[in-house]
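To start, the structure itself, in structure tokens.
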Amino acid sequence: IAGITQAPTSQILAAGRRMTLRCTQDMRHNAMYWYRQDLGLGLRLIHYSNTAGTTGKGEVPDGYSVSRANTDDFPLTLASAVPSQTSVYFCASKSDRAIGDTEAFFGQGTRLTVV
Amino acid sequence: EDQVTQSPEALRLQEGESSSLNCSYTVSGLRGLFWYRQDPGKGPEFLFTLYSAGEEKEKERLKATLTKKESFLHITAPKPEDSATYLCAVQAGNYGQNFVFGPGTRLSVLP
């Protein structure tokens, strides 16, 4: 089934540890995104990539890094986790289109708890 | 400052009781407005895209409309399975390919 796969689905992580959240899509979409979702704050953009080999910072990038070595994969790394990074993380992707704008497709999320 | 707000924050309806959810936006150069549905523990699921004022789209009991400053999601004769959080997002000229999401409206439809 085509779509976006995130792993792990949930994780409890000790503060100070390094963690990589994985995201893979098989729709050949150029653009990919990482969001975090917190109660009362909605979805906030962490990092994005418009095409393989390029990345950009979103609204809340501090403490996170990304890479985009190929079209399909867009991992998010927390170098040294802190409790404020406890959240639900969603990866999304969308295709480019010359006319109009297309919707983003979302993964099922990774629930991360930093203790 | 670009902003997307949604109201109400939460809404409880009886089955069959129609209502509307609001999404208000202030952005420069709107390229598209998107509605998503999100069930607990799942990722947002795409519903509609609206591109220009006056546009309307329908799907089953849902109809989305767009003006120059806001969008409405009308729910006609809702059923309990329509219970979810409904998210509004905009894509604007300032953000390139990025989306800005509103905080969502949590809808509960009681049988």
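Residue names in the structure tokens use chain letters A, B, ... in the order shown, residue numbers from 1 in each chain, and ligand numbers from 1 in the order shown.
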(message) So that I can see what lies close to Asn30 of chain A, please list as an MDAnalysis selection string the residues with an atom at most 12 Å from it, counting only C-alpha atoms and leaving out residues fewer than 4 positions away in the same chain.
(response) (chainID A and resid 25:26 48:55 68 70:74 92:97 102 104) or (chainID B and resid 97)
(message) Would you pick out the contacts of Pro80 of chain B at 10 Å or less, using only C-alpha atoms, so that residues sharing its chain but fewer than 2 positions from it are not included, and give the list as a ChimeraX atom specification?
(response) /B:13-16,78,82-84,107-111
For the selection just defined, write its residues with all heavy atoms to a file, as a PDB file, in the first residue's frame.
ATOM      1  N   LEU B  13     -22.342  17.942  19.181  1.00  0.00           N
ATOM      2  CA  LEU B  13     -23.599  17.943  18.451  1.00  0.00           C
ATOM      3  C   LEU B  13     -24.338  16.649  18.710  1.00  0.00           C
ATOM      4  O   LEU B  13     -23.726  15.601  18.938  1.00  0.00           O
ATOM      5  CB  LEU B  13     -23.332  18.069  16.944  1.00  0.00           C
ATOM      6  CG  LEU B  13     -22.607  19.327  16.455  1.00  0.00           C
ATOM      7  CD1 LEU B  13     -22.290  19.198  14.968  1.00  0.00           C
ATOM      8  CD2 LEU B  13     -23.453  20.559  16.714  1.00  0.00           C
ATOM      9  N   GLN B  14     -25.652  16.731  18.630  1.00  0.00           N
ATOM     10  CA  GLN B  14     -26.463  15.523  18.613  1.00  0.00           C
ATOM     11  C   GLN B  14     -26.471  14.990  17.184  1.00  0.00           C
ATOM     12  O   GLN B  14     -26.372  15.744  16.208  1.00  0.00           O
ATOM     13  CB  GLN B  14     -27.885  15.816  19.064  1.00  0.00           C
ATOM     14  CG  GLN B  14     -28.030  16.141  20.535  1.00  0.00           C
ATOM     15  CD  GLN B  14     -27.645  14.965  21.427  1.00  0.00           C
ATOM     16  OE1 GLN B  14     -26.894  15.109  22.378  1.00  0.00           O
ATOM     17  NE2 GLN B  14     -28.188  13.789  21.108  1.00  0.00           N
ATOM     18  N   GLU B  15     -26.577  13.701  17.048  1.00  0.00           N
ATOM     19  CA  GLU B  15     -26.681  13.104  15.723  1.00  0.00           C
ATOM     20  C   GLU B  15     -27.793  13.784  14.951  1.00  0.00           C
ATOM     21  O   GLU B  15     -28.903  13.947  15.460  1.00  0.00           O
ATOM     22  CB  GLU B  15     -26.935  11.606  15.843  1.00  0.00           C
ATOM     23  CG  GLU B  15     -26.949  10.889  14.512  1.00  0.00           C
ATOM     24  CD  GLU B  15     -27.004   9.376  14.686  1.00  0.00           C
ATOM     25  OE1 GLU B  15     -27.078   8.904  15.842  1.00  0.00           O
ATOM     26  OE2 GLU B  15     -26.966   8.663  13.662  1.00  0.00           O
ATOM     27  N   GLY B  16     -27.484  14.211  13.704  1.00  0.00           N
ATOM     28  CA  GLY B  16     -28.478  14.875  12.873  1.00  0.00           C
ATOM     29  C   GLY B  16     -28.524  16.387  13.014  1.00  0.00           C
ATOM     30  O   GLY B  16     -29.191  17.063  12.229  1.00  0.00           O
ATOM     31  N   PRO B  78     -24.891  15.254  10.928  1.00  0.00           N
ATOM     32  CA  PRO B  78     -23.731  14.435  11.276  1.00  0.00           C
ATOM     33  C   PRO B  78     -24.095  13.137  11.971  1.00  0.00           C
ATOM     34  O   PRO B  78     -25.152  13.012  12.612  1.00  0.00           O
ATOM     35  CB  PRO B  78     -22.939  15.353  12.218  1.00  0.00           C
ATOM     36  CG  PRO B  78     -23.957  16.260  12.804  1.00  0.00           C
ATOM     37  CD  PRO B  78     -24.956  16.498  11.706  1.00  0.00           C
ATOM     38  N   ASP B  82     -18.544  10.850  12.445  1.00  0.00           N
ATOM     39  CA  ASP B  82     -17.939  12.128  12.046  1.00  0.00           C
ATOM     40  C   ASP B  82     -17.145  12.756  13.181  1.00  0.00           C
ATOM     41  O   ASP B  82     -16.479  13.780  12.982  1.00  0.00           O
ATOM     42  CB  ASP B  82     -19.017  13.104  11.576  1.00  0.00           C
ATOM     43  CG  ASP B  82     -19.707  12.641  10.306  1.00  0.00           C
ATOM     44  OD1 ASP B  82     -19.014  12.092   9.422  1.00  0.00           O
ATOM     45  OD2 ASP B  82     -20.936  12.823  10.192  1.00  0.00           O
ATOM     46  N   SER B  83     -17.211  12.173  14.355  1.00  0.00           N
ATOM     47  CA  SER B  83     -16.454  12.691  15.496  1.00  0.00           C
ATOM     48  C   SER B  83     -14.970  12.587  15.208  1.00  0.00           C
ATOM     49  O   SER B  83     -14.453  11.522  14.867  1.00  0.00           O
ATOM     50  CB  SER B  83     -16.794  11.896  16.764  1.00  0.00           C
ATOM     51  OG  SER B  83     -18.156  12.042  17.099  1.00  0.00           O
ATOM     52  N   ALA B  84     -14.274  13.709  15.338  1.00  0.00           N
ATOM     53  CA  ALA B  84     -12.845  13.790  15.036  1.00  0.00           C
ATOM     54  C   ALA B  84     -12.400  15.225  15.294  1.00  0.00           C
ATOM     55  O   ALA B  84     -13.211  16.097  15.602  1.00  0.00           O
ATOM     56  CB  ALA B  84     -12.553  13.421  13.576  1.00  0.00           C
ATOM     57  N   LEU B 107     -14.598  17.838  17.269  1.00  0.00           N
ATOM     58  CA  LEU B 107     -16.035  17.609  17.093  1.00  0.00           C
ATOM     59  C   LEU B 107     -16.447  16.286  17.713  1.00  0.00           C
ATOM     60  O   LEU B 107     -15.837  15.250  17.446  1.00  0.00           O
ATOM     61  CB  LEU B 107     -16.391  17.601  15.599  1.00  0.00           C
ATOM     62  CG  LEU B 107     -17.841  17.246  15.264  1.00  0.00           C
ATOM     63  CD1 LEU B 107     -18.786  18.323  15.771  1.00  0.00           C
ATOM     64  CD2 LEU B 107     -18.014  17.051  13.762  1.00  0.00           C
ATOM     65  N   SER B 108     -17.493  16.338  18.525  1.00  0.00           N
ATOM     66  CA  SER B 108     -18.083  15.121  19.086  1.00  0.00           C
ATOM     67  C   SER B 108     -19.538  15.077  18.657  1.00  0.00           C
ATOM     68  O   SER B 108     -20.275  16.039  18.873  1.00  0.00           O
ATOM     69  CB  SER B 108     -18.001  15.122  20.613  1.00  0.00           C
ATOM     70  OG  SER B 108     -16.662  15.198  21.051  1.00  0.00           O
ATOM     71  N   VAL B 109     -19.942  13.974  18.048  1.00  0.00           N
ATOM     72  CA  VAL B 109     -21.325  13.780  17.634  1.00  0.00           C
ATOM     73  C   VAL B 109     -21.906  12.657  18.479  1.00  0.00           C
ATOM     74  O   VAL B 109     -21.451  11.514  18.420  1.00  0.00           O
ATOM     75  CB  VAL B 109     -21.422  13.436  16.141  1.00  0.00           C
ATOM     76  CG1 VAL B 109     -22.896  13.286  15.741  1.00  0.00           C
ATOM     77  CG2 VAL B 109     -20.737  14.498  15.294  1.00  0.00           C
ATOM     78  N   LEU B 110     -22.922  13.017  19.252  1.00  0.00           N
ATOM     79  CA  LEU B 110     -23.506  12.062  20.195  1.00  0.00           C
ATOM     80  C   LEU B 110     -24.700  11.348  19.573  1.00  0.00           C
ATOM     81  O   LEU B 110     -25.499  11.975  18.876  1.00  0.00           O
ATOM     82  CB  LEU B 110     -23.938  12.795  21.461  1.00  0.00           C
ATOM     83  CG  LEU B 110     -22.845  13.666  22.113  1.00  0.00           C
ATOM     84  CD1 LEU B 110     -23.417  14.434  23.300  1.00  0.00           C
ATOM     85  CD2 LEU B 110     -21.674  12.804  22.527  1.00  0.00           C
ATOM     86  N   PRO B 111     -24.817  10.038  19.798  1.00  0.00           N
ATOM     87  CA  PRO B 111     -25.935   9.295  19.205  1.00  0.00           C
ATOM     88  C   PRO B 111     -27.252   9.611  19.887  1.00  0.00           C
ATOM     89  O   PRO B 111     -27.295  10.107  21.011  1.00  0.00           O
ATOM     90  CB  PRO B 111     -25.533   7.830  19.446  1.00  0.00           C
ATOM     91  CG  PRO B 111     -24.579   7.872  20.590  1.00  0.00           C
ATOM     92  CD  PRO B 111     -23.872   9.194  20.517  1.00  0.00           C
TER      93      PRO B 111
END
(request) With a distance threshold of 12 Å and counting only C-alpha atoms, extract the residues of chain A near chain B and express them as number ranges by chain. (result) A: 3-6, 9-10, 30-51, 55-59, 88-97, 99-111
(message) Just the number, please: distance in Å from atom CA of Ala10 of chain B to atom CA of Gln38 of chain B, one decimal.
(response)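 Taking atom CA of Ala10 of chain B and atom CA of Gln38 of chain B, their separation equals 13.7 Å.
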(message) For the helix (DSSP H, G or I) assignment from backbone DSSP, which residues of chain B qualify? Please present them as a ChimeraX atom specification.
(response) /B:80-82,93-95
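Taking atom CA of Thr67 of chain B as the reference point, atom CA of Glu55 of chain B is found at 7.9 Å.
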(message) I'd like the neighbourhood of Gln3 of chain B as a list in words, where a residue qualifies if any of its atoms comes within 8 Å (using only C-alpha atoms), though same-chain residues fewer than 2 positions away should be ignored.
(response)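 These residues fall inside the cut-off: Glu1, Thr5, Tyr25, Thr26, Val27 and Val100 of chain B.
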(message) I'd like the interatomic distance between atom CA of Val4 of chain B and atom CA of Pro61 of chain A, to a tenth of an Å.
(response)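 Calculated distance between atom CA of Val4 of chain B and atom CA of Pro61 of chain A is 20.1 Å.
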(request) Could you check which of B:Pro40, B:Asp2, B:Gly54, B:Thr105 is closest to Leu73 of chain B, using only C-alpha atoms? (result)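 Of B:Pro40, B:Asp2, B:Gly54, B:Thr105, the one nearest Leu73 of chain B is B:Thr105, counting only C-alpha atoms.
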(request) Give the strand (DSSP E) residues of segment 52-93 of chain B, as DSSP finds them on the backbone, and put them as a list in words. (result) Glu56, Lys57, Glu58, Lys59, Leu62, Lys63, Ala64, Thr65, Leu66, Glu70, Ser71, Phe72, Leu73, His74, Ile75, Ala84, Thr85, Tyr86, Leu87, Cys88, Ala89, Val90, Gln91 and Ala92 of chain B
